[in-house]
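> This is my_file30.json (JSON, C-alpha atoms).
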[["chain", "number", "residue", "atom", "x", "y", "z"],
["J", 1, "SER", "CA", 90.87, -84.27, -170.92],
["J", 2, "VAL", "CA", 90.29, -80.63, -171.77],
["J", 3, "HIS", "CA", 91.30, -77.64, -169.65],
["J", 4, "LEU", "CA", 89.68, -74.26, -170.18],
["J", 5, "ASP", "CA", 90.71, -70.94, -168.65],
["J", 6, "LEU", "CA", 88.18, -68.13, -168.58],
["J", 7, "ASN", "CA", 89.17, -64.49, -168.16],
["J", 8, "SER", "CA", 86.73, -61.79, -169.21],
["J", 9, "ALA", "CA", 86.97, -58.13, -168.29],
["J", 10, "MET", "CA", 83.76, -56.36, -169.20],
["J", 11, "SER", "CA", 82.79, -52.69, -169.14],
["J", 12, "ALA", "CA", 81.21, -53.42, -165.75],
["J", 13, "GLY", "CA", 82.40, -56.47, -163.89],
["J", 14, "ARG", "CA", 84.90, -59.29, -164.22],
["J", 15, "VAL", "CA", 84.68, -63.07, -164.71],
["J", 16, "GLN", "CA", 87.60, -65.45, -164.13],
["J", 17, "GLY", "CA", 87.59, -69.22, -163.95],
["J", 18, "LYS", "CA", 88.87, -72.59, -165.02],
["J", 19, "PHE", "CA", 87.22, -75.85, -166.04],
["J", 20, "ASP", "CA", 88.42, -79.43, -166.52],
["J", 21, "LEU", "CA", 86.43, -81.90, -168.65],
["J", 22, "THR", "CA", 87.31, -85.59, -169.00],
["J", 23, "LEU", "CA", 86.56, -86.87, -172.50],
["J", 24, "GLY", "CA", 85.31, -90.29, -171.55],
["J", 25, "GLY", "CA", 82.86, -92.18, -169.38],
["J", 26, "ASP", "CA", 80.13, -89.83, -168.19],
["J", 27, "TYR", "CA", 82.24, -86.79, -169.13],
["J", 28, "PRO", "CA", 82.91, -85.53, -165.58],
["J", 29, "LEU", "CA", 83.25, -81.76, -165.33],
["J", 30, "ALA", "CA", 84.68, -79.62, -162.56],
["J", 31, "GLY", "CA", 85.49, -75.95, -162.38],
["J", 32, "ASP", "CA", 85.46, -72.69, -160.47],
["J", 33, "VAL", "CA", 84.31, -69.24, -161.55],
["J", 34, "ASP", "CA", 84.95, -66.00, -159.68],
["J", 35, "VAL", "CA", 82.72, -63.04, -160.51],
["J", 36, "LYS", "CA", 82.97, -59.40, -159.51],
["J", 37, "ALA", "CA", 80.14, -56.88, -160.00],
["J", 38, "VAL", "CA", 78.49, -59.09, -162.64],
["J", 39, "ASP", "CA", 74.84, -58.95, -163.69],
["J", 40, "LEU", "CA", 73.59, -62.53, -163.24],
["J", 41, "ASP", "CA", 69.91, -61.97, -164.03],
["J", 42, "PRO", "CA", 69.63, -65.00, -166.40],
["J", 43, "PHE", "CA", 71.22, -67.26, -163.76],
["J", 44, "ILE", "CA", 68.95, -65.96, -160.99],
["J", 45, "GLN", "CA", 65.85, -66.42, -163.14],
["J", 46, "SER", "CA", 66.64, -69.89, -164.49],
["J", 47, "ALA", "CA", 68.65, -71.59, -161.74],
["J", 48, "LEU", "CA", 66.84, -70.10, -158.74],
["J", 49, "HIS", "CA", 63.41, -69.92, -160.45],
["J", 50, "LEU", "CA", 63.01, -66.29, -159.39],
["J", 51, "THR", "CA", 61.27, -64.75, -162.38],
["J", 52, "ALA", "CA", 60.01, -61.44, -161.00],
["J", 53, "LEU", "CA", 63.26, -59.50, -161.23],
["J", 54, "THR", "CA", 62.49, -55.81, -161.65],
["J", 55, "GLY", "CA", 66.05, -54.47, -161.81],
["J", 56, "HIS", "CA", 69.52, -55.61, -162.73],
["J", 57, "SER", "CA", 71.56, -57.63, -160.26],
["J", 58, "SER", "CA", 75.17, -57.23, -159.15],
["J", 59, "VAL", "CA", 77.01, -60.24, -157.77],
["J", 60, "ASP", "CA", 80.44, -60.90, -156.25],
["J", 61, "GLY", "CA", 81.37, -64.46, -155.38],
["J", 62, "ARG", "CA", 82.67, -67.87, -156.35],
["J", 63, "PHE", "CA", 80.72, -70.58, -158.15],
["J", 64, "ARG", "CA", 81.97, -74.18, -158.17],
["J", 65, "LEU", "CA", 80.56, -76.52, -160.82],
["J", 66, "SER", "CA", 80.72, -80.32, -160.62],
["J", 67, "GLY", "CA", 78.96, -83.31, -162.15],
["J", 68, "SER", "CA", 78.78, -85.25, -165.37],
["J", 69, "LEU", "CA", 77.66, -83.88, -168.72],
["J", 70, "ALA", "CA", 76.25, -87.29, -169.68],
["J", 71, "ARG", "CA", 74.10, -87.24, -166.53],
["J", 72, "PRO", "CA", 72.71, -83.70, -166.22],
["J", 73, "GLU", "CA", 70.86, -84.58, -163.03],
["J", 74, "THR", "CA", 74.25, -84.86, -161.28],
["J", 75, "LEU", "CA", 75.32, -81.33, -162.14],
["J", 76, "ALA", "CA", 75.57, -79.01, -159.16],
["J", 77, "VAL", "CA", 76.70, -75.46, -158.53],
["J", 78, "GLU", "CA", 78.00, -74.47, -155.10],
["J", 79, "ALA", "CA", 77.65, -70.70, -154.77],
["J", 80, "ASP", "CA", 79.53, -68.71, -152.14],
["J", 81, "ILE", "CA", 78.37, -65.12, -152.63],
["J", 82, "SER", "CA", 79.96, -62.24, -150.76],
["J", 83, "ARG", "CA", 77.83, -59.51, -152.34],
["J", 84, "LEU", "CA", 74.36, -59.76, -153.86],
["J", 85, "VAL", "CA", 72.16, -56.84, -154.88],
["J", 86, "PHE", "CA", 68.96, -57.23, -156.89],
["J", 87, "ASP", "CA", 65.43, -55.86, -157.27],
["J", 88, "TYR", "CA", 62.62, -58.36, -156.82],
["J", 89, "GLY", "CA", 58.97, -57.42, -157.00],
["J", 90, "TYR", "CA", 60.12, -53.76, -156.97],
["J", 91, "VAL", "CA", 61.85, -54.33, -153.63],
["J", 92, "LYS", "CA", 65.60, -53.70, -153.62],
["J", 93, "LEU", "CA", 67.39, -56.44, -151.69],
["J", 94, "GLU", "CA", 71.00, -56.90, -150.64],
["J", 95, "ASN", "CA", 72.76, -59.52, -148.59],
["J", 96, "VAL", "CA", 74.05, -59.18, -145.04],
["J", 97, "GLY", "CA", 76.94, -61.63, -144.70],
["J", 98, "PRO", "CA", 77.76, -64.48, -147.08],
["J", 99, "VAL", "CA", 75.07, -66.25, -149.09],
["J", 100, "ARG", "CA", 75.70, -69.96, -149.61],
["J", 101, "LEU", "CA", 73.62, -72.05, -152.01],
["J", 102, "ILE", "CA", 73.80, -75.47, -153.64],
["J", 103, "ILE", "CA", 71.96, -75.52, -156.94],
["J", 104, "HIS", "CA", 70.86, -78.62, -158.84],
["J", 105, "PRO", "CA", 68.85, -78.67, -162.09],
["J", 106, "ASP", "CA", 65.53, -79.06, -160.25],
["J", 107, "GLU", "CA", 66.40, -78.23, -156.65],
["J", 108, "VAL", "CA", 67.95, -75.39, -154.66],
["J", 109, "HIS", "CA", 69.39, -75.69, -151.16],
["J", 110, "VAL", "CA", 69.87, -72.47, -149.20],
["J", 111, "GLU", "CA", 72.53, -73.15, -146.59],
["J", 112, "GLN", "CA", 72.53, -69.57, -145.34],
["J", 113, "ALA", "CA", 71.24, -66.24, -146.60],
["J", 114, "SER", "CA", 70.35, -62.98, -144.93],
["J", 115, "LEU", "CA", 68.70, -60.29, -147.04],
["J", 116, "ARG", "CA", 67.78, -56.71, -146.25],
["J", 117, "GLY", "CA", 65.70, -54.06, -148.02],
["J", 118, "PRO", "CA", 62.78, -51.66, -147.48],
["J", 119, "ASP", "CA", 60.64, -53.08, -144.64],
["J", 120, "THR", "CA", 62.63, -56.30, -145.06],
["J", 121, "ASP", "CA", 65.32, -57.95, -142.95],
["J", 122, "PHE", "CA", 65.22, -61.74, -142.85],
["J", 123, "ARG", "CA", 67.23, -64.94, -142.73],
["J", 124, "ILE", "CA", 66.30, -67.94, -144.83],
["J", 125, "SER", "CA", 67.49, -71.53, -145.11],
["J", 126, "GLY", "CA", 66.14, -74.82, -146.43],
["J", 127, "PHE", "CA", 65.37, -76.19, -149.85],
["J", 128, "ALA", "CA", 62.87, -76.09, -152.71],
["J", 129, "ARG", "CA", 62.27, -78.69, -155.40],
["J", 130, "PHE", "CA", 60.87, -77.70, -158.79],
["J", 131, "ALA", "CA", 60.06, -81.18, -160.11],
["J", 132, "GLY", "CA", 58.70, -84.46, -158.74],
["J", 133, "ASP", "CA", 56.97, -83.86, -155.41],
["J", 134, "ARG", "CA", 57.85, -80.12, -155.65],
["J", 135, "ARG", "CA", 58.46, -80.13, -151.92],
["J", 136, "ILE", "CA", 59.41, -76.87, -150.21],
["J", 137, "SER", "CA", 60.97, -76.73, -146.75],
["J", 138, "LEU", "CA", 62.14, -73.22, -145.92],
["J", 139, "ASN", "CA", 62.78, -71.59, -142.57],
["J", 140, "LEU", "CA", 62.28, -67.83, -142.49],
["J", 141, "ALA", "CA", 62.99, -65.51, -139.59],
["J", 142, "GLY", "CA", 62.65, -61.74, -139.69],
["J", 143, "ALA", "CA", 60.56, -59.08, -141.37],
["J", 144, "VAL", "CA", 59.43, -59.40, -144.98],
["J", 145, "ASN", "CA", 57.86, -56.79, -147.25],
["J", 146, "LEU", "CA", 54.63, -58.39, -148.50],
["J", 147, "ARG", "CA", 55.27, -56.94, -151.96],
["J", 148, "LEU", "CA", 57.79, -59.76, -152.32],
["J", 149, "ALA", "CA", 55.10, -62.45, -152.05],
["J", 150, "GLY", "CA", 53.47, -61.60, -155.37],
["J", 151, "GLY", "CA", 56.89, -61.56, -156.98],
["J", 152, "PHE", "CA", 57.75, -65.06, -155.88],
["J", 153, "VAL", "CA", 54.45, -66.58, -157.01],
["J", 154, "PRO", "CA", 51.98, -64.37, -158.92],
["J", 155, "GLY", "CA", 48.46, -64.88, -157.59],
["J", 156, "LEU", "CA", 49.97, -66.66, -154.61],
["J", 157, "GLU", "CA", 47.65, -68.53, -152.26],
["J", 158, "ALA", "CA", 50.05, -69.59, -149.50],
["J", 159, "ARG", "CA", 49.44, -72.63, -147.34],
["J", 160, "GLY", "CA", 51.55, -74.36, -144.72],
["J", 161, "PRO", "CA", 53.69, -72.98, -141.92],
["J", 162, "ALA", "CA", 56.33, -70.27, -142.13],
["J", 163, "ALA", "CA", 58.79, -69.95, -139.26],
["J", 164, "TYR", "CA", 59.09, -66.55, -137.59],
["J", 165, "GLU", "CA", 60.99, -65.78, -134.40],
["J", 166, "ALA", "CA", 59.57, -63.24, -131.96],
["J", 167, "TRP", "CA", 60.52, -62.30, -128.40],
["J", 168, "VAL", "CA", 57.98, -60.48, -126.22],
["J", 169, "ARG", "CA", 58.08, -59.28, -122.63],
["J", 170, "ALA", "CA", 54.41, -59.78, -121.82],
["J", 171, "PRO", "CA", 53.70, -62.55, -119.29],
["J", 172, "ALA", "CA", 52.19, -65.83, -120.44],
["J", 173, "GLU", "CA", 48.99, -65.13, -118.54],
["J", 174, "ASN", "CA", 45.45, -64.58, -119.82],
["J", 175, "GLY", "CA", 46.68, -64.55, -123.43],
["J", 176, "GLN", "CA", 48.91, -61.50, -122.92],
["J", 177, "ALA", "CA", 52.00, -63.10, -124.49],
["J", 178, "ASN", "CA", 49.97, -64.34, -127.46],
["J", 179, "ARG", "CA", 48.52, -60.90, -128.11],
["J", 180, "ALA", "CA", 51.97, -59.35, -127.89],
["J", 181, "ALA", "CA", 53.42, -61.93, -130.29],
["J", 182, "LEU", "CA", 50.60, -61.35, -132.80],
["J", 183, "ALA", "CA", 51.12, -57.59, -132.54],
["J", 184, "ALA", "CA", 54.85, -57.98, -133.24],
["J", 185, "LEU", "CA", 54.17, -60.26, -136.22],
["J", 186, "ALA", "CA", 51.50, -57.92, -137.59],
["J", 187, "GLU", "CA", 53.90, -54.98, -137.39],
["J", 188, "ALA", "CA", 56.60, -56.95, -139.22],
["J", 189, "LEU", "CA", 54.17, -58.00, -141.97],
["J", 190, "GLY", "CA", 52.55, -54.59, -142.24],
["J", 191, "VAL", "CA", 49.02, -55.88, -141.58],
["J", 192, "GLN", "CA", 46.38, -55.32, -138.90],
["J", 193, "ALA", "CA", 46.75, -57.58, -135.88],
["J", 194, "LYS", "CA", 43.06, -58.54, -136.09],
["J", 195, "ARG", "CA", 43.81, -60.37, -139.36],
["J", 196, "LEU", "CA", 46.11, -62.81, -137.52],
["J", 197, "HIS", "CA", 44.73, -65.75, -135.56],
["J", 198, "ILE", "CA", 46.53, -68.54, -133.72],
["J", 199, "VAL", "CA", 45.15, -71.80, -135.05],
["J", 200, "LYS", "CA", 47.49, -74.12, -133.12],
["J", 201, "GLY", "CA", 49.86, -73.78, -130.19],
["J", 202, "ALA", "CA", 48.17, -71.08, -128.12],
["J", 203, "ALA", "CA", 49.79, -72.55, -124.99],
["J", 204, "SER", "CA", 53.09, -73.44, -126.71],
["J", 205, "PRO", "CA", 56.18, -71.41, -127.69],
["J", 206, "HIS", "CA", 55.69, -72.78, -131.24],
["J", 207, "LYS", "CA", 52.51, -71.52, -132.86],
["J", 208, "ILE", "CA", 50.77, -71.76, -136.22],
["J", 209, "VAL", "CA", 49.26, -68.42, -137.24],
["J", 210, "ARG", "CA", 46.82, -67.83, -140.09],
["J", 211, "LEU", "CA", 46.58, -64.56, -141.98],
["J", 212, "PHE", "CA", 42.97, -63.88, -143.02],
["J", 213, "GLU", "CA", 42.06, -61.77, -146.03],
["J", 214, "THR", "CA", 40.33, -58.44, -145.52],
["J", 215, "LYS", "CA", 36.66, -58.30, -146.44]]
Represent the supplied structure as structure tokens.

Amino acid sequence: SVHLDLNSAMSAGRVQGKFDLTLGGDYPLAGDVDVKAVDLDPFIQSALHLTALTGHSSVDGRFRLSGSLARPETLAVEADISRLVFDYGYVKLENVGPVRLIIHPDEVHVEQASLRGPDTDFRISGFARFAGDRRISLNLAGAVNLRLAGGFVPGLEARGPAAYEAWVRAPAENGQANRAALAALAEALGVQAKRLHIVKGAASPHKIVRLFETK
């Protein structure tokens, strides 16, 4: 087996870690890396498939690597990030509380993440696959700057539900609660309420809302 210690003090930031590689079988690999104020733009772009970075990142946290070099599909990175700052789609984002991710070559699981920025304050969890059925199952709650949408997928035409939590005081009579919920969602998204229409669940606490384009 091979043991590797990593200790790098850069002009800005620090990287420390250790790795153990077994020279046999499927070449199992395990290791931990601690980073402090490190620019991880290449990692964010390649591992998380977030390509619209518009400013350098700064990351504090621990990354745990496991898997087998002979079977790349088994490789996984568990990320426990205490500080994350980056610009995406010209929106500056930073975390509120720890960010926990599990990253595979073609799949990312978001166990918990809360991000804040201009007109943005949301929580997100779930997973996204980037191969095979390319399934995406993400739960989002909060306010999101729509400038981020074009950064995630240029020319995006979004379909399917997105989860958003809203509490209103209007009574559930004569559509009052629905109108109040649409008004709250429109304010969070920065769009006119008339562009939002409930397509399912008008009489239910769980609704599907469609955002129509302006003419």
> Give me, as a PyMOL selection string, all polymer residues having an atom no more than 9 Å from Ser137 (chain J), counting all atoms listed in the file and skipping those fewer than 3 positions away in the same chain.
chain J and resi 125-129
> Considering only C-alpha atoms, can you say which of J:Asp26, J:Glu187, J:Glu173, J:Asp106 comes closest to Val77 (chain J)?
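Checking each candidate against Val77 (chain J), we get J:Asp106 as the closest.
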> Have a look at CA of Ala203 (chain J) and CA of Ala186 (chain J) and let me know their distance in Å, one decimal.
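Pair CA of Ala203 (chain J) / CA of Ala186 (chain J) returns 19.4 Å.
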> One number please: CA of Thr120 (chain J) to CA of Phe63 (chain J), in Å, one decimal.
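One can read the CA of Thr120 (chain J) to CA of Phe63 (chain J) distance as 26.5 Å.
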> Name the closest residue to Phe19 (chain J) among the candidates J:Gly117, J:Gly132, J:Gly55, J:Gly67; distances are taken between atoms, counting all atoms listed in the file.
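Between J:Gly117, J:Gly132, J:Gly55, J:Gly67, the residue approaching Phe19 (chain J) most closely is J:Gly67.
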> Of the candidates J:Asn95, J:Ser8, J:Asn178, J:Gln192, which one gets nearest to Ile208 (chain J) if we count all atoms listed in the file?
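Smallest separation from Ile208 (chain J) among the options: J:Asn178.
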> In Å to one decimal, how far is CA of Ala76 (chain J) from CA of Pro105 (chain J)?
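Going from CA of Pro105 (chain J) over to CA of Ala76 (chain J) covers 7.3 Å.
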> What's the 7 Å shell around Asp39 (chain J), counting only C-alpha atoms, without same-chain residues fewer than 6 positions away, as a PyMOL selection string?
chain J and resi 56-59
> Can you pull out every residue within 12 Å of Leu40 (chain J), counting only C-alpha atoms, but drop anything in the same chain fewer than 5 positions away, and send it as a list in words?
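Neighbouring residues, sequence-local ones excluded: Gly13, Arg14, Val15, Val35, Gln45, Ser46, Ala47, Leu48, Leu50, Leu53, Gly55, His56, Ser57, Ser58, Val59, Asp60, Gly61, Phe63, Ile81, Leu84, Val85 and Phe86 of chain J.
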> Identify which of the residues J:Arg169, J:Arg100, J:Arg116, J:Lys200 lies closest to Val144 (chain J), counting only C-alpha atoms when measuring atom-to-atom distances.
J:Arg116
> Considering all atoms listed in the file, can you say which of J:Asp80, J:Gly31, J:Glu94, J:Ala183 comes closest to Val209 (chain J)?
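Smallest distance to Val209 (chain J) is found for J:Ala183.
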> Between J:Pro72, J:Gly17, J:Gly24, J:Pro205, which is the closest to Ala181 (chain J) once you count only C-alpha atoms?
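Closest to Ala181 (chain J) of all the choices is J:Pro205.
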